[in-house]
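Dropping structure-v6.tsv in here (TSV, C-alpha atoms):
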chain	number	residue	atom	x	y	z
E	682	MET	CA	-28.10	-19.51	-85.73
E	683	ALA	CA	-28.95	-18.98	-82.06
E	684	ASP	CA	-31.87	-20.83	-80.51
E	685	SER	CA	-34.51	-18.34	-79.35
E	686	SER	CA	-35.19	-20.52	-76.30
E	687	CYS	CA	-31.50	-20.53	-75.38
E	688	LEU	CA	-30.92	-17.30	-73.48
E	689	LEU	CA	-27.98	-15.32	-72.14
E	690	GLU	CA	-28.40	-12.53	-69.63
E	691	TRP	CA	-25.67	-10.29	-68.28
E	692	HIS	CA	-26.52	-8.53	-65.03
E	693	PRO	CA	-26.65	-6.09	-63.33
E	694	TYR	CA	-26.57	-3.21	-65.80
E	695	ALA	CA	-26.81	-0.57	-63.06
E	696	LYS	CA	-23.17	0.56	-63.22
E	697	ASP	CA	-23.24	1.15	-67.00
E	698	ARG	CA	-26.84	2.30	-67.21
E	699	THR	CA	-26.35	6.06	-66.79
E	700	MET	CA	-22.93	6.42	-68.37
E	701	GLY	CA	-22.38	8.20	-71.68
E	702	LEU	CA	-23.74	6.64	-74.84
E	703	ASN	CA	-20.33	5.71	-76.22
E	704	HIS	CA	-19.56	3.87	-72.97
E	705	GLN	CA	-22.89	2.02	-73.02
E	706	LEU	CA	-22.46	1.03	-76.67
E	707	ALA	CA	-19.09	-0.51	-75.83
E	708	SER	CA	-20.55	-2.46	-72.90
E	709	LEU	CA	-23.56	-3.75	-74.85
E	710	SER	CA	-21.29	-4.68	-77.76
E	711	CYS	CA	-19.31	-6.94	-75.44
E	712	ALA	CA	-22.42	-8.74	-74.20
E	713	LEU	CA	-23.59	-9.20	-77.80
E	714	ALA	CA	-20.21	-10.64	-78.68
E	715	GLU	CA	-20.47	-13.36	-76.05
E	716	ALA	CA	-24.04	-14.19	-77.06
E	717	HIS	CA	-22.85	-14.68	-80.63
E	718	HIS	CA	-19.97	-16.91	-79.51
E	719	LEU	CA	-22.34	-19.05	-77.41
E	720	GLY	CA	-25.07	-19.23	-80.05
E	721	ARG	CA	-27.55	-17.77	-77.58
E	722	THR	CA	-30.17	-15.02	-77.70
E	723	LEU	CA	-29.13	-12.03	-75.61
E	724	VAL	CA	-31.63	-10.51	-73.20
E	725	LEU	CA	-30.97	-6.78	-73.56
E	726	PRO	CA	-31.87	-4.17	-70.94
E	727	PRO	CA	-35.16	-2.62	-72.14
E	728	SER	CA	-33.75	0.92	-72.03
E	729	MET	CA	-30.68	3.02	-71.42
E	730	CYS	CA	-30.74	6.16	-69.33
E	731	LEU	CA	-29.08	9.48	-69.95
E	732	PHE	CA	-26.34	10.74	-67.69
E	733	GLY	CA	-27.21	14.27	-66.51
E	734	LEU	CA	-24.25	15.93	-68.28
E	735	HIS	CA	-25.49	14.47	-71.58
E	736	THR	CA	-28.88	16.15	-71.51
E	737	GLU	CA	-27.58	19.71	-71.72
E	738	ARG	CA	-27.83	20.35	-75.45
E	739	TRP	CA	-30.97	18.53	-76.53
E	740	SER	CA	-34.24	18.03	-74.68
E	741	GLY	CA	-34.31	15.84	-71.57
E	742	SER	CA	-34.24	15.81	-67.82
E	743	ASP	CA	-31.52	17.57	-65.83
E	744	ALA	CA	-31.37	14.80	-63.25
E	745	PRO	CA	-28.77	12.04	-63.73
E	746	GLY	CA	-30.59	9.04	-65.12
E	747	GLY	CA	-33.79	11.04	-65.27
E	748	ARG	CA	-34.49	10.35	-68.94
E	749	CYS	CA	-34.50	6.79	-70.24
E	750	VAL	CA	-34.58	5.83	-73.91
E	751	PRO	CA	-36.15	2.55	-75.12
E	752	MET	CA	-33.62	0.35	-76.90
E	753	GLY	CA	-35.91	0.13	-79.90
E	754	ASP	CA	-35.73	3.90	-80.35
E	755	LEU	CA	-31.97	3.81	-80.71
E	756	PHE	CA	-31.38	0.49	-82.47
E	757	ASP	CA	-32.79	-1.52	-85.33
E	758	LEU	CA	-33.32	-4.66	-83.27
E	759	GLU	CA	-34.56	-6.66	-86.26
E	760	LEU	CA	-31.38	-5.90	-88.21
E	761	LEU	CA	-29.21	-6.59	-85.17
E	762	SER	CA	-30.95	-9.94	-84.67
E	763	ARG	CA	-29.76	-11.09	-88.07
E	764	LEU	CA	-26.27	-11.10	-86.60
E	765	VAL	CA	-27.05	-12.06	-83.00
E	766	PRO	CA	-30.64	-12.56	-81.85
E	767	VAL	CA	-31.79	-10.20	-79.12
E	768	VAL	CA	-34.90	-9.79	-77.01
E	769	LEU	CA	-35.72	-7.06	-74.54
E	770	GLY	CA	-35.80	-7.78	-70.83
E	771	PRO	CA	-36.68	-8.28	-68.13
E	772	ILE	CA	-35.75	-11.92	-68.41
E	773	GLU	CA	-38.82	-12.93	-66.36
E	774	ASN	CA	-40.91	-12.01	-69.41
E	775	ARG	CA	-38.86	-14.24	-71.69
E	776	THR	CA	-38.79	-17.59	-69.96
E	777	SER	CA	-40.82	-19.78	-67.64
E	778	PRO	CA	-40.45	-19.64	-63.85
E	779	GLN	CA	-39.19	-23.23	-63.95
E	780	GLN	CA	-36.43	-22.39	-66.46
E	781	LEU	CA	-35.51	-19.28	-64.52
E	782	ARG	CA	-35.14	-21.29	-61.31
E	783	GLY	CA	-32.83	-23.63	-63.21
E	784	ALA	CA	-30.74	-20.84	-64.72
E	785	VAL	CA	-27.00	-21.37	-64.56
E	786	ASP	CA	-24.97	-18.60	-62.98
E	787	VAL	CA	-21.62	-18.38	-64.73
E	788	ARG	CA	-18.65	-18.54	-62.41
E	789	ARG	CA	-16.70	-15.29	-62.28
E	790	GLY	CA	-13.78	-15.26	-64.70
E	791	LEU	CA	-15.09	-18.18	-66.78
E	792	LYS	CA	-14.22	-17.53	-70.42
E	793	SER	CA	-16.73	-17.77	-73.25
E	794	ALA	CA	-15.24	-20.98	-74.62
E	795	GLU	CA	-15.54	-22.59	-71.18
E	796	VAL	CA	-19.14	-21.42	-70.81
E	797	ALA	CA	-19.94	-23.00	-74.19
E	798	SER	CA	-18.41	-26.36	-73.26
E	799	GLN	CA	-19.67	-26.53	-69.67
E	800	HIS	CA	-23.19	-25.17	-70.21
E	801	PRO	CA	-24.56	-26.16	-73.62
E	802	CYS	CA	-28.08	-25.04	-74.46
E	803	ALA	CA	-29.47	-28.56	-74.21
E	804	ARG	CA	-28.60	-28.68	-70.50
E	805	ALA	CA	-28.78	-24.99	-69.63
E	806	PRO	CA	-31.46	-23.06	-71.55
E	807	VAL	CA	-30.77	-19.95	-69.45
E	808	VAL	CA	-27.27	-18.75	-68.58
E	809	ARG	CA	-26.68	-15.65	-66.47
E	810	ARG	CA	-23.33	-13.89	-66.15
E	811	ARG	CA	-22.89	-11.50	-63.24
E	812	VAL	CA	-20.63	-8.57	-64.14
E	813	ASP	CA	-19.75	-6.35	-61.18
E	814	ASN	CA	-17.60	-3.95	-63.21
E	815	PHE	CA	-18.37	-2.11	-66.44
E	816	TRP	CA	-19.53	-4.67	-68.99
E	817	PHE	CA	-17.01	-3.72	-71.68
E	818	THR	CA	-14.16	-4.84	-69.40
E	819	MET	CA	-15.14	-8.46	-69.98
E	820	CYS	CA	-13.93	-8.15	-73.57
E	821	SER	CA	-10.98	-5.93	-72.66
E	822	LYS	CA	-9.80	-8.65	-70.28
E	823	ARG	CA	-10.46	-11.33	-72.94
E	824	ILE	CA	-12.95	-13.15	-70.71
E	825	ALA	CA	-15.79	-12.71	-73.19
E	826	ASP	CA	-14.94	-13.60	-76.79
E	827	SER	CA	-15.38	-10.77	-79.27
E	828	ASP	CA	-13.46	-12.28	-82.16
E	829	SER	CA	-16.19	-14.49	-83.57
E	830	ILE	CA	-18.83	-11.76	-83.88
E	831	MET	CA	-16.39	-9.42	-85.62
E	832	GLY	CA	-15.41	-12.21	-87.98
E	833	ALA	CA	-19.07	-12.83	-88.83
E	834	LEU	CA	-19.69	-9.11	-89.34
E	835	HIS	CA	-16.67	-8.73	-91.62
E	836	ALA	CA	-17.88	-11.71	-93.65
E	837	ALA	CA	-21.31	-10.10	-94.02
E	838	LEU	CA	-19.69	-6.81	-95.11
E	839	GLY	CA	-17.33	-8.49	-97.55
E	840	SER	CA	-14.24	-7.33	-95.70
E	841	PRO	CA	-10.93	-9.06	-96.44
E	842	PRO	CA	-9.76	-11.82	-94.04
E	843	SER	CA	-6.98	-9.49	-92.87
E	844	ALA	CA	-9.46	-6.87	-91.60
E	845	LYS	CA	-8.90	-5.75	-88.03
E	846	ARG	CA	-11.26	-6.95	-85.33
E	847	PRO	CA	-11.34	-4.13	-82.76
E	848	LEU	CA	-12.97	-4.64	-79.38
E	849	ASN	CA	-16.38	-3.37	-78.35
E	850	VAL	CA	-17.23	-1.45	-81.53
E	851	LEU	CA	-20.18	-3.41	-82.90
E	852	LEU	CA	-22.80	-0.86	-81.85
E	853	ARG	CA	-20.44	2.11	-82.05
E	854	SER	CA	-20.08	1.45	-85.78
E	855	GLY	CA	-23.52	2.97	-86.35
E	856	LEU	CA	-24.56	0.03	-88.52
E	857	PHE	CA	-27.40	-0.89	-86.19
E	858	TYR	CA	-28.91	2.48	-85.34
E	859	SER	CA	-32.66	2.63	-85.91
E	860	GLN	CA	-34.09	3.40	-89.33
E	861	ARG	CA	-35.59	6.60	-87.93
E	862	ILE	CA	-32.13	7.83	-86.94
E	863	LYS	CA	-30.69	6.88	-90.33
E	864	ARG	CA	-33.50	8.72	-92.14
E	865	ALA	CA	-32.74	11.83	-90.10
E	866	VAL	CA	-29.08	11.60	-91.11
E	867	ARG	CA	-29.94	11.33	-94.80
E	868	ALA	CA	-32.25	14.34	-94.49
E	869	VAL	CA	-29.49	16.44	-92.90
E	870	GLN	CA	-27.01	15.41	-95.58
E	871	ARG	CA	-29.45	16.39	-98.32
E	872	SER	CA	-29.90	19.78	-96.65
E	873	ILE	CA	-26.15	20.34	-96.46
E	874	GLY	CA	-26.19	19.76	-100.18
E	875	GLY	CA	-22.69	18.50	-100.99
E	876	GLU	CA	-19.33	17.41	-99.69
E	877	TYR	CA	-18.79	18.37	-96.07
E	878	TYR	CA	-16.31	17.89	-93.23
E	879	SER	CA	-17.04	17.37	-89.55
E	880	VAL	CA	-15.61	18.42	-86.20
E	881	HIS	CA	-16.37	17.15	-82.72
E	882	VAL	CA	-15.58	19.84	-80.14
E	883	ARG	CA	-15.64	18.44	-76.63
E	884	ARG	CA	-15.28	21.09	-73.95
E	885	SER	CA	-17.90	20.78	-71.21
E	886	ASP	CA	-16.73	17.89	-69.03
E	887	LYS	CA	-13.07	18.31	-69.96
E	888	LEU	CA	-13.09	21.91	-68.79
E	889	THR	CA	-15.29	21.15	-65.78
E	890	ALA	CA	-12.50	18.89	-64.52
E	891	CYS	CA	-10.31	22.02	-64.36
E	892	ASP	CA	-12.87	24.32	-62.73
E	893	VAL	CA	-13.48	23.73	-59.03
E	894	ARG	CA	-16.35	26.22	-58.82
E	895	GLN	CA	-18.19	24.57	-61.70
E	896	GLN	CA	-17.74	21.12	-60.15
E	897	GLN	CA	-19.17	22.39	-56.86
E	898	ALA	CA	-22.13	24.01	-58.64
E	899	GLU	CA	-22.93	20.73	-60.38
E	900	GLN	CA	-22.67	18.85	-57.10
E	901	ARG	CA	-25.09	21.28	-55.44
E	902	SER	CA	-27.55	20.77	-58.31
E	903	ARG	CA	-27.47	17.03	-57.50
E	904	GLY	CA	-27.88	17.56	-53.77
E	905	GLN	CA	-24.22	16.75	-53.13
E	906	LEU	CA	-21.44	18.93	-51.86
E	907	ASP	CA	-18.10	17.20	-51.48
E	908	TYR	CA	-14.83	19.02	-51.14
E	909	VAL	CA	-13.14	19.34	-54.52
E	910	GLU	CA	-9.37	19.59	-54.45
E	911	PRO	CA	-8.21	22.21	-56.97
E	912	PRO	CA	-5.54	21.05	-59.43
E	913	LYS	CA	-2.13	22.09	-58.11
E	914	ASP	CA	0.21	20.18	-60.37
E	915	VAL	CA	1.80	22.67	-62.77
E	916	LYS	CA	1.51	20.20	-65.64
E	917	VAL	CA	-2.22	19.64	-65.00
E	918	VAL	CA	-2.94	23.37	-64.70
E	919	GLY	CA	-1.06	24.02	-67.93
E	920	GLU	CA	-2.94	21.25	-69.72
E	921	CYS	CA	-6.26	22.76	-68.61
E	922	LYS	CA	-5.31	26.10	-70.14
E	923	VAL	CA	-4.24	24.44	-73.38
E	924	ARG	CA	-7.53	22.52	-73.60
E	925	ASP	CA	-9.42	25.78	-73.29
E	926	GLN	CA	-7.31	27.73	-75.77
E	927	LEU	CA	-7.19	25.08	-78.48
E	928	THR	CA	-10.95	24.49	-78.41
E	929	ARG	CA	-11.87	28.17	-78.68
E	930	PRO	CA	-12.75	29.52	-82.15
E	931	GLU	CA	-9.32	31.00	-82.89
E	932	GLY	CA	-7.56	27.79	-81.91
E	933	LEU	CA	-10.00	25.77	-83.98
E	934	ARG	CA	-9.60	28.09	-86.99
E	935	HIS	CA	-5.85	27.61	-86.97
E	936	ALA	CA	-6.13	23.81	-86.76
E	937	LEU	CA	-8.92	23.37	-89.29
E	938	SER	CA	-7.19	25.57	-91.87
E	939	LEU	CA	-4.43	22.94	-91.98
E	940	TRP	CA	-6.87	20.39	-93.38
E	941	PHE	CA	-10.04	22.00	-94.70
E	942	PRO	CA	-10.17	24.36	-97.72
E	943	GLU	CA	-11.44	27.89	-97.16
E	944	GLN	CA	-15.25	28.10	-97.15
E	945	SER	CA	-15.67	24.34	-96.84
E	946	ARG	CA	-18.93	23.04	-95.44
E	947	VAL	CA	-18.23	21.99	-91.85
E	948	TYR	CA	-20.68	20.25	-89.53
E	949	ILE	CA	-19.84	20.86	-85.85
E	950	GLY	CA	-21.01	18.62	-83.03
E	951	SER	CA	-20.52	20.06	-79.57
E	952	THR	CA	-22.20	20.79	-76.25
E	953	GLU	CA	-21.36	24.44	-76.95
E	954	ARG	CA	-24.10	26.50	-78.58
E	955	PRO	CA	-23.70	27.58	-82.23
E	956	ASP	CA	-23.04	31.22	-81.34
E	957	PHE	CA	-19.84	30.14	-79.55
E	958	PHE	CA	-18.40	29.30	-82.99
E	959	ALA	CA	-19.53	32.51	-84.72
E	960	PRO	CA	-15.92	33.73	-85.39
E	961	LEU	CA	-15.36	30.65	-87.57
E	962	ARG	CA	-18.05	31.69	-90.03
E	963	SER	CA	-15.68	33.99	-91.89
E	964	SER	CA	-13.56	30.96	-92.83
E	965	PHE	CA	-16.05	28.07	-93.13
E	966	ARG	CA	-19.68	27.41	-93.90
E	967	LEU	CA	-20.85	26.06	-90.56
E	968	TYR	CA	-23.72	23.68	-89.83
E	969	PHE	CA	-25.17	22.59	-86.48
E	970	ALA	CA	-27.98	20.33	-85.37
E	971	GLU	CA	-29.99	23.44	-84.56
E	972	ASP	CA	-30.01	24.29	-88.29
E	973	PHE	CA	-32.02	21.17	-89.16
E	974	GLY	CA	-35.17	21.43	-87.06
E	975	ARG	CA	-37.36	19.72	-89.65
E	976	ALA	CA	-34.96	16.86	-90.34
E	977	LEU	CA	-34.40	16.28	-86.61
E	978	ALA	CA	-37.99	16.83	-85.50
E	979	ASN	CA	-38.25	13.25	-84.22
E	980	VAL	CA	-34.88	13.29	-82.43
E	981	SER	CA	-36.13	13.65	-78.87
E	982	ASN	CA	-33.02	13.33	-76.70
E	983	ASN	CA	-29.28	13.84	-76.65
E	984	TYR	CA	-28.41	10.17	-77.17
E	985	GLU	CA	-30.40	10.09	-80.41
E	986	LEU	CA	-28.65	13.30	-81.43
E	987	TYR	CA	-25.29	11.67	-80.63
E	988	ALA	CA	-26.26	8.74	-82.87
E	989	VAL	CA	-27.22	11.11	-85.70
E	990	GLU	CA	-23.99	13.07	-85.36
E	991	THR	CA	-21.88	9.91	-85.25
E	992	LEU	CA	-23.26	8.88	-88.64
E	993	LEU	CA	-22.80	12.41	-89.97
E	994	PHE	CA	-19.15	12.29	-88.89
E	995	PHE	CA	-18.63	8.90	-90.50
E	996	GLY	CA	-20.25	10.16	-93.70
E	997	SER	CA	-18.08	13.27	-93.98
E	998	SER	CA	-15.03	13.63	-96.20
E	999	GLY	CA	-12.82	14.26	-93.17
E	1000	THR	CA	-13.43	14.41	-89.44
E	1001	VAL	CA	-11.51	16.08	-86.61
E	1002	GLU	CA	-11.58	15.15	-82.92
E	1003	THR	CA	-10.46	17.72	-80.36
E	1004	LEU	CA	-9.07	15.07	-77.99
E	1005	GLY	CA	-6.41	12.70	-79.23
E	1006	TYR	CA	-7.58	9.62	-77.31
E	1007	ALA	CA	-11.00	9.83	-78.95
E	1008	ALA	CA	-9.55	9.58	-82.46
E	1009	SER	CA	-8.63	5.91	-82.00
E	1010	TRP	CA	-12.17	4.80	-81.14
E	1011	VAL	CA	-13.54	6.79	-84.09
E	1012	GLN	CA	-11.13	4.97	-86.40
E	1013	ASP	CA	-12.01	1.60	-84.86
E	1014	ALA	CA	-15.76	2.24	-84.92
E	1015	CYS	CA	-15.66	3.39	-88.53
E	1016	PHE	CA	-14.09	0.07	-89.53
E	1017	PRO	CA	-16.63	-0.81	-92.26
E	1018	ALA	CA	-15.54	2.17	-94.37
E	1019	ALA	CA	-12.01	2.84	-93.15
E	1020	ARG	CA	-10.23	1.20	-96.08
E	1021	LEU	CA	-12.65	2.66	-98.62
E	1022	ARG	CA	-12.22	6.20	-97.29
E	1023	ALA	CA	-8.44	5.96	-97.26
E	1024	GLU	CA	-8.38	4.86	-100.89
E	1025	SER	CA	-11.06	7.23	-102.21
E	1026	ARG	CA	-9.19	10.46	-101.38
E	1027	PRO	CA	-5.66	9.98	-102.77
E	1028	GLY	CA	-3.20	12.75	-102.05
E	1029	ARG	CA	-5.25	14.35	-99.26
E	1030	ARG	CA	-3.80	14.45	-95.77
E	1031	ALA	CA	-5.83	12.64	-93.14
E	1032	ALA	CA	-7.54	14.95	-90.65
E	1033	ARG	CA	-6.78	13.77	-87.16
Any chance you could give the structure as structure tokens?
Amino acid sequence: MADSSCLLEWHPYAKDRTMGLNHQLASLSCALAEAHHLGRTLVLPPSMCLFGLHTERWSGSDAPGGRCVPMGDLFDLELLSRLVPVVLGPIENRTSPQQLRGAVDVRRGLKSAEVASQHPCARAPVVRRRVDNFWFTMCSKRIADSDSIMGALHAALGSPPSAKRPLNVLLRSGLFYSQRIKRAVRAVQRSIGGEYYSVHVRRSDKLTACDVRQQQAEQRSRGQLDYVEPPKDVKVVGECKVRDQLTRPEGLRHALSLWFPEQSRVYIGSTERPDFFAPLRSSFRLYFAEDFGRALANVSNNYELYAVETLLFFGSSGTVETLGYAASWVQDACFPAARLRAESRPGRRAAR
């Protein structure tokens, strides 16, 4: 068990701080992994801020980073601390000035095992690691150890020794979302009233990348106006058209009919408004966050909504991602139930 007086701080968090929630969860998961390996208490940033593009659907500020969410609103810090103790920063509130002056700054590139051997808690109560890139890259580059925390989590879940140990998925698994978020999910599931499927339709930023005028409009809204080079490569232009066509209702209807029975209950998560999907209602019984005002009354921002929808996706009988690269992280993040789900639906094709 970590010593509460033996602290680890990663800094600065500025580069990750206003990225998307999935990005920030990966970065924080990596820092938690090293804290677990070192047997230290991690000093977490007190809040995470919403990137402007991620405030469009639910309430929040339009300015990038204009709406910050306390960590305790998103995560069950008490439950998380059973695996790896955490406290909220700033670090100045968690240690004495004398200890802070004696804090050890970890040399760049020093691996977790080397930090443990060179800076034990008895000699270095406070260790600080400076990360100039995105935090999750420390685990991707195998500088920070993520194996031990996943091993401990699998042991707590009763997973077999052969269970995979994917990188940077601890918080993306949804296991440690706050109890308030989990209650909202259960309320939505009760309202749906039975077996349901889920679909994540991502269009906004993926289509913005293809639309020069929309990019320029967004830059003007931020007080910026850089020249945006229109896509000229035939392959890129063609891919943009395909993205648009396949994520429109008719394209979605064709794809979903391959996996979901007619008139199935389908929960859709998307930055598009519900009326965009109206043509699908003749084939499926559709549900959106907007249908559950009472259950989601305490969900005050888009990151909390993302957390709710992640758990709804994981709890569905089948889930579809509109972008292939996203499917792999969903499978990795859903690791606690992946084997169970595969075995509980024999004979049914996996929705991918």
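By all atoms listed in the file, and with residues fewer than 2 positions from stretch 959-975 of chain E along its chain excluded, the set lying at most 7 Å from it is Val869, Pro930, Arg934, Glu943, Gln944, Ser945, Arg946, Val947, Tyr948, Ile949, Gly950, Pro955, Asp956, Phe957, Leu977 and Ala978 of chain E.
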Completion exercise
Correct to one decimal, the distance atom CA of E:Gly996-atom CA of E:Thr699 is 27.9 Å
Just the residues within 10 Å of E:Lys845, please, counting all atoms listed in the file, with nothing from its chain fewer than 3 positions along; format it as an mmCIF file with C-alpha atoms, keeping the file's coordinate frame.
data_model
loop_
_atom_site.group_PDB
_atom_site.id
_atom_site.type_symbol
_atom_site.label_atom_id
_atom_site.label_comp_id
_atom_site.auth_asym_id
_atom_site.auth_seq_id
_atom_site.Cartn_x
_atom_site.Cartn_y
_atom_site.Cartn_z
ATOM 1 C CA ASP E 828 -13.460 -12.280 -82.160
ATOM 2 C CA MET E 831 -16.390 -9.420 -85.620
ATOM 3 C CA GLY E 832 -15.410 -12.210 -87.980
ATOM 4 C CA HIS E 835 -16.670 -8.730 -91.620
ATOM 5 C CA SER E 840 -14.240 -7.330 -95.700
ATOM 6 C CA PRO E 841 -10.930 -9.060 -96.440
ATOM 7 C CA PRO E 842 -9.760 -11.820 -94.040
ATOM 8 C CA LEU E 848 -12.970 -4.640 -79.380
ATOM 9 C CA ASP E 1013 -12.010 1.600 -84.860
ATOM 10 C CA PHE E 1016 -14.090 0.070 -89.530
#
Exercise for the section: For E:Arg823, work out the shell of residues within 10 Å, counting only C-alpha atoms and skipping chain neighbours fewer than 6 positions away, then give it as a ChimeraX atom specification. Expected result: /E:790,792-793,848
Contacts between stretch 860-866 of chain E and stretch 908-1008 of chain E, please, where a residue of stretch 908-1008 of chain E counts if it comes within 8 Å (with all atoms listed in the file); show its shortest atom pair and distance in Å to one decimal, rows by chain and ascending number, as JSON lines.
{"residue": "E:Ala976", "atom": "CA", "partner": "E:Ala865", "partner_atom": "CA", "distance": 5.5}
{"residue": "E:Leu977", "atom": "CA", "partner": "E:Ala865", "partner_atom": "CA", "distance": 5.9}
{"residue": "E:Val980", "atom": "CA", "partner": "E:Ile862", "partner_atom": "CA", "distance": 7.6}
{"residue": "E:Glu985", "atom": "CA", "partner": "E:Ile862", "partner_atom": "CA", "distance": 7.1}
{"residue": "E:Ala988", "atom": "CA", "partner": "E:Ile862", "partner_atom": "CA", "distance": 7.2}
{"residue": "E:Val989", "atom": "CA", "partner": "E:Val866", "partner_atom": "CA", "distance": 5.7}
{"residue": "E:Glu990", "atom": "CA", "partner": "E:Val866", "partner_atom": "CA", "distance": 7.8}
{"residue": "E:Leu992", "atom": "CA", "partner": "E:Val866", "partner_atom": "CA", "distance": 6.9}
{"residue": "E:Leu993", "atom": "CA", "partner": "E:Val866", "partner_atom": "CA", "distance": 6.4}
Residue list as a compact mmCIF listing (two decimals) with C-alpha atoms, in the coordinates of the input for point (-20.1, -16.6, -82.3), cut-off 9 Å, all atoms listed in the file:
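Once written, point-v3.txt looks like this:
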# COMPACT_ATOMS: atom_id res chain seq x y z
CA ALA E 714 -20.21 -10.64 -78.68
CA GLU E 715 -20.47 -13.36 -76.05
CA ALA E 716 -24.04 -14.19 -77.06
CA HIS E 717 -22.85 -14.68 -80.63
CA HIS E 718 -19.97 -16.91 -79.51
CA LEU E 719 -22.34 -19.05 -77.41
CA GLY E 720 -25.07 -19.23 -80.05
CA ARG E 721 -27.55 -17.77 -77.58
CA VAL E 765 -27.05 -12.06 -83.00
CA ASP E 826 -14.94 -13.60 -76.79
CA SER E 827 -15.38 -10.77 -79.27
CA ASP E 828 -13.46 -12.28 -82.16
CA SER E 829 -16.19 -14.49 -83.57
CA ILE E 830 -18.83 -11.76 -83.88
CA MET E 831 -16.39 -9.42 -85.62
CA GLY E 832 -15.41 -12.21 -87.98
CA ALA E 833 -19.07 -12.83 -88.83
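Separating atom CA of E:Arg867 from atom CA of E:Leu939 is a distance of 28.2 Å.
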